[in-house]
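**Student:** Just dropping this structure here.
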2 protein chains.
Amino acid sequence: MASSSSAPLVQFAPLHTAIAPAFWSALAAHKIEHAQLADAPLAVRAHYAPARRVLDRQTGSEVPLPPSMVVEGEALGDGAHQQQHQASHRWSSRDALRCLQGYDASPCLYSLPPHVCPAWGTLKNFNTVEEFKTADKQAFFNAEARSMYEAMLSAADPTPHLARFLVLSFADLKRYRFVHWFAFPALVSKPAWTLQGEWKSVSDALGAGSYEALAKAVEARRREQKADSASGAFFLVGTSNGQPRLGDVADFASFFQAGEEPTVGFVDPSAAASEPGWPLRNLLALMAARFGVRRVRVLCWKDDIGESTQRRSVIGDVALPEDAAEGERVTGAHGSAPLATQPGLPDVPLAVGWERNSSGKLAPKLADLGPLMDPRRLADQAVDLNLKLMRWRIMPEINLERVQQTKCLLLGAGTLGCYVARTLLGWGVRHITLVDSSRVSFSNPVRQPLFDFDDCLEGGKPKAECAAARLRAIYPGVTATGVQLNVPMPGHPIQSGAEAQVRQDVETLEKLIDEHKVVYLLMDSRESRWLPTLLGAAKNKLVINAALGFDTYLVMRHGAGPDAERDAAAKTLPANERRLGCYYCNDIVAPTDSLTDRTLDQMCTVTRPGLAAIAGASAVELMVSVLQHKDGVSAPAATGPARGNEAPLASSDPAQSGSCLGLVPHQIRGFLAQFSNMLLVGGAYDLCTACSPAVIDAYKRDGFAMLKKAFNDESFLERVTGLDK
Amino acid sequence: MASSSSAPLVQFAPLHTAIAPAFWSALAAHKIEHAQLADAPLAVRAHYAPARRVLDRQTGSEVPLPPSMVVEGEALGDGAHQQQHQASHRWSSRDALRCLQGYDASPCLYSLPPHVCPAWGTLKNFNTVEEFKTADKQAFFNAEARSMYEAMLSAADPTPHLARFLVLSFADLKRYRFVHWFAFPALVSKPAWTLQGEWKSVSDALGAGSYEALAKAVEARRREQKADSASGAFFLVGTSNGQPRLGDVADFASFFQAGEEPTVGFVDPSAAASEPGWPLRNLLALMAARFGVRRVRVLCWKDDIGESTQRRSVIGDVALPEDAAEGERVTGAHGSAPLATQPGLPDVPLAVGWERNSSGKLAPKLADLGPLMDPRRLADQAVDLNLKLMRWRIMPEINLERVQQTKCLLLGAGTLGCYVARTLLGWGVRHITLVDSSRVSFSNPVRQPLFDFDDCLEGGKPKAECAAARLRAIYPGVTATGVQLNVPMPGHPIQSGAEAQVRQDVETLEKLIDEHKVVYLLMDSRESRWLPTLLGAAKNKLVINAALGFDTYLVMRHGAGPDAERDAAAKTLPANERRLGCYYCNDIVAPTDSLTDRTLDQMCTVTRPGLAAIAGASAVELMVSVLQHKDGVSAPAATGPARGNEAPLASSDPAQSGSCLGLVPHQIRGFLAQFSNMLLVGGAYDLCTACSPAVIDAYKRDGFAMLKKAFNDESFLERVTGLDK
């Protein structure tokens with residue numbers, strides 16, 4: 001065959017991306033969980049298939065689909081893979097021209113079906129939209145092209161480098177919008193390849209029998225392809241004893257026997273008979289640059305495995321014009337490649353291949369997944385995101401999962417309970433149970449941030465369930481429950497006929513405390529805290545206690561129960577490392593009825609309105625600090641550093657606190673009249689009416705019978721503890 | 001006429017109370033505003049009318065109404081009156097038996113129509129329901145009876161003492177439920193008065209002509225009644241020249257001429273012809289005890305003024321049985337009163353008259369106004385109540401009205417804006433405007449306590465209006481407005497074509513700042529605070545600024561504007577009394593674009609979730625403290641007292657603060673890692689880019705033209721202030 005420069009140029013059908021929304025989710029997750037602020041390029045795996053068509057049900061005819069590069073949700077692999085990948089490939093975003101050096105196929109990303117055509121890509125995700133906008137995108141593209149070119153010349157298996165791609169992106173994780181621009185760099189041949197004759201059906205060219213034999217061989221090769229190779233997508237085609245014989249493209253120089261027409265085959269994503277797909281472009285560039293090929297027969301394999309009813313593959317001859325002289329020549333390994341180079345950058349081959357957007361313009365695309373996603377899932381991700389951002393820069397060591405998985409029981413759904421619940425939501429806590437016995441009244445909504453005016457109508461909704469419902473309305477992902485319950489109190493004798501109810505209330509409370517890890521005491525009376533204090537100590541739960549005065553507050557954690565102390569035989573430790581006290585450890589009398597005869601201002605807990613927000617939020621922050629401490633509920637107490645106007649200690653002094661979040665105090669007393677706090681420490685009191693060994697042991701031994709005595713008899717607790725002596 | 005012990009006893013129709021709901025509202029208001037915890041008895045004014053009937057529309061016949069003592073909303077007068085009343089009457093709740101000594105008619109309570117029958121009563125409102133339950137109610141009753149008796153014997157005008165009443169009550173102000181028990185003490189005659197013959201129509205007894213003449217005289221007397229007398233309700237009836245002649249009951253001994261049948265008349269609330277109303281009981285007791293009357297003719301006047309079509313008054317003769325001897329005798333002034341005394345308390349006359357409840361039992365009644373009231377009004381009152389309780393005991397001097405009337409502008413409706421707005425609601429602030437330019441996103445609701453999940457759907461509601469709508473849903477009494485607005489920023493040049501919009505945004509902001517007293521800066525960037533800082537200083541507004549770090553916050557108030565300083569010629573004052581600095585006073589460069597190229601963790605203000613609640617609430621508490629300071633926006637700054645674990649200063653050291661709420665600091669810096677705060681003071685900086693005289697003067701001179709230069713030119717502000725030198 002004679003080649004002629006007047007022959008038509010080969011027209012290549014460009015690739016289009018088909019990106020699964022799951023890919024963007026995976027990118028978002030990778031950014032939040034692993035990459036964070038790091039912006040090293042990521043390895044991406046994609047794939048394509050032979051020419052696809054769909055049946056048009058109206059006309060009954062088949063419609064070709066555009067050649068698609070498919071990017072699936074698994075395309076990034078897992079974070080560990082990316083780290084390994086980056087370590088071995090020395091990515092550097094600072095020098096885009098060199099950052100892609102040493103690239104090669106990464107075998108372990110994810111398992112594609114063996115017969116698809118794999119493609120390896122590089123994703124550069126910028127941290128800000130400004131960076132994305134102003135980045136020198138062509139430099140990234142050039143680096144990719146150069147890297148491809150070098151691999152073509154020298155790689156033992158050059159096939160992974162023939163359908164490489166590049167993605168530049170910015171992920172707006174708040175709105176779930178992904179600006180991105182794909183490129184499929186194809187090296188430019190100058191002069192361009194021409195078609196000698198026309199693309200012919202393989203059936204016509206070889207006959208049906210040979211076609212079937214060839215199909216069998218191609219399918220076998222595709223099935224045998226290894227994970228780090230595209231050997232099933234690019235191959236040589238010869239014949240031996242009338243049977244098709246396939247080989248590796250790297251063996252071009254030695255593969256063909258005398259008399260064989262050198263033929264290269266590739267799996268062709270293009271459905272158009274006369275327009276081979278983009279991957280052929282680099283395959284021909286490889287042939288020219290590495291093997292000096294100037295004309296070759298090309299098999300465009302367009303039949304997918306299992307689609308044997310209609311054969312569509314075509315074959316044709318392509319050639320570089322003999323008489324072309326104007327093209328700059330790049331000296332490759334074999335000294336004969338007619339590839340063009342970048343003007344002004346003679347060592348960088350000229351390449352094309354930026355994807356056009358939906359308007360046909362050379363510009364980025366936007367994947368706006370926000371409207372597609374289940375809003376609840378968007379909320380889940382958004383809430384997670386805000387927390388996980390902490391790990392990006394400020395506090396990589398924080399254990400957010402431990403906080404999120406902590407089940408919290410809030411006794412009291414009033415001013416404090418509402419603020420505590422809201423702050424827990426902010427920390428991502430997913431399981432919140434509120435206990436209260438009252439109904440929402442008209443004075444509540446302006447101070448209790450889970451209630452609205454409408455909740456007060458018709459006598460008011462039960463507070464606990466109303467608060468829980470609101471938590472679910474704020475964040476559907478939370479498991480929030482409201483329990484209407486009176487907490488029995490010492491010195492409030494059981495009314496005649498009410499014992500069964502009180503017993504049931506106690507059992508409910510015991511069960512609730514068993515089911516939760518942290519118990520918040522947020523009631524408006526002193527003695528209602530006694531029973532949960534006791535139960536918390538008996539069950540060794542973390543108890544967080546908050547109480548309000550007019551312009552002062554107390555936020556404290558109770559110490560571990562006496563069992564924990566016995567285990568540690570801790571009595572010889574210094575005061576701040578002994579078991580910490582509970583709310584009642586400073587008392588020298590037992591709690592008793594203080595409620596019956598209170599005036600309105602005593603009943604309503606008259607406080608400065610800002611106080612509850614401060615105390616409630618501080619209570620949750622104290623809990624989170626404890627949860628970050630390695631000793632948890634037994635964490636020793638930090639004492640305050642704040643000396644007037646001196647600068648405070650560094651925020652994470654491990655000697656003081658052992659928590660990445662800073663100090664883990666025992667008691668915080670706040671004084672709003674001075675806008676100041678004090679940190680106090682108090683050890684457990686041996687005669688404490690709520691947490692001392694005598695009380696806990698009596699409860700464990702006698703259960704409800706012991707509690708009943710405490711409810712009915714004001715002096716019982718003082719006798720049990722010996723306080724009466 | 002002969003009297004006989006076999007004659008039927010006179011039956012008296014007891015009084016029923018008819019209490020206007022407004023009376024309970026007035027009691028609630030008095031308790032909240034004036035009495036607070038004081039429980040001294042209150043003077044109450046009531047009234048009754050002659051026998052009332054209503055037409056039964058079905059039968060066409062008239063139905064008698066029970067005799068009613070009407071208590072109106074004005075019955076308590078105003079608070080000042082009660083104080084004056086209490087001062088002059090030396091109420092003492094500690095000694096109920098003596099507390100009512102010296103009682104007399106109180107003329108100035110409120111103006112009844114002159115012709116009604118006035119009644120004076122005493123209301124003892126207990127502070128707690130327990131006190132109400134356990135009070136020795138009979139002792140209060142006895143005191144009332146004894147006081148009545150003494151007045152009957154000696155008062156120049158005894159008529160105000162003949163229909164006196166006592167009210168014991170407990171006001172549950174949270175639920176608007178009023179437990180109460182009325183008594184109309186009537187002295188018991190032993191033996192009892194008997195009816196001689198029967199009650200006869202006045203028409204029958206005197207003839208129609210005489211009846212009309214008598215009616216004319218009674219009506220005239222009732223119209224002439226003075227405010228401190230019931231002379232129109234109780235009178236003597238004689239005749240002179242065939243014409244009726246009325247006189248004061250105190251003149252009984254001298255009024256009747258020879259041959260006249262001594263007749264006492266009273267306006268009779270009873271509609272039953274044969275059952276005179278309760279007031280007759282004490283009128284007869286007066287006659288017997290003071291004048292030794294043992295038989296008398298009684299005119300029961302049952303015709304109201306203006307009801308002349310149907311005359312119903314009756315007349316009859318009553319007498320004490322001659323032969324009764326078993327009654328104990330009390331020695332009155334005239335030595336002849338047949339009144340009974342309390343067994344065991346011989347100087348206390350026996351009296352009856354507790355009102356029965358709706359079940360006919362001698363027990364308190366409950367007025368439950370909650371369900372009747374407009375829920376919005378209930379909410380208004382409940383919100384007010386919680387605040388006003390502060391004045392009852394803890395902080396009588398606090399000026400709540402000044403806080404409530406403060407119009408607040410919140411720039412930013414994010415995490416801080418939401419918490420600030422909620423705390424303002426808690427303080428009763430009624431006018432809140434929020435400004436924001438963004439929409440509610442899925443990460444917001446768990447951290448921004450005015451938004452729910454649903455607010456994020458369909459792209460998210462505009463934040464400012466969504467937050468305002470939620471404030472109204474929480475408390476319908478608030479005037480909350482949301483304004484969607486971008487605050488122009490220095491170093492963010494005006495885009496071409498956008499100048500008209502920027503100018504309009506500036507004008508909107510200027511107008512908003514003019515309309516509000518306090519401006520909160522709650523945005524998430526530094527440079528967005530510049531323009532409102534400048535405008536606040538130019539317009540001398542109180543500017544409260546809050547900003548969050550990861551676990552630190554700044555809450556500060558800006559100092560007064562330079563004009564205030566010039567007025568005060570204050571430069572010679574010590575540092576903490578000079579004009580205080582603004583947010584920019586520590587800067588030595590002008591604010592400029594810090595937003596364009598931020599990573600996600602910088603954009604989202606990654607903070608510990610509890611921080612915003614603490615900072616937002618502290619910002620409002622700082623505002624309230626400033627508002628309570630006599631110098632307001634110019635209040636000097638307090639420095640922190642907190643020295644580590646030392647006890648803080650007393651909460652209202654006027655030398656330090658001048659505010660009843662305590663210190664009024666300039667800057668509060670909070671460190672959540674240490675649960676500590678520091679108070680800092682910084683004076684205004686002469687070269688400040690936001691509040692210095694040079695900047696303010698340039699703005700006042702050039703307006704938008706000056707601002708435009710600042711937006712467009714990063715170095716403009718440094719040139720204006722001289723910072724560039």
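Every chain in the structure tokens has a letter given in the order shown (A, B, ...), and although residue numbers restart at 1 in each chain, ligands are simply numbered from 1 in the order shown.
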Give me the residues near Ser313 (chain B) as a ChimeraX atom specification, where near means some atom within 10 Å (using only C-alpha atoms) and where sequence neighbours in that chain fewer than 3 positions away do not count.
**Tutor:** /B:50-51,199-203,211,215,267-268,271-273,299-304,310
**Student:** Determine, counting only C-alpha atoms, which protein, DNA and RNA residues have an atom within 8 Å of an atom of region 350-366 of chain B; residues of the same chain fewer than 3 positions away are not included. Present the result as a PyMOL selection string.
**Tutor:** chain B and resi 14-16+142+145+177-188+339-342
**Student:** Quick one: of A:Asn386, A:Ser68, A:Ser6, A:Gln36, who's nearest to Thr194 (chain A), counting only C-alpha atoms?
**Tutor:** A:Ser6
**Student:** Could you state the separation of CA of Met152 (chain A) and CA of Lys226 (chain A) in Å, given to one decimal place?
**Tutor:** 18.6 Å
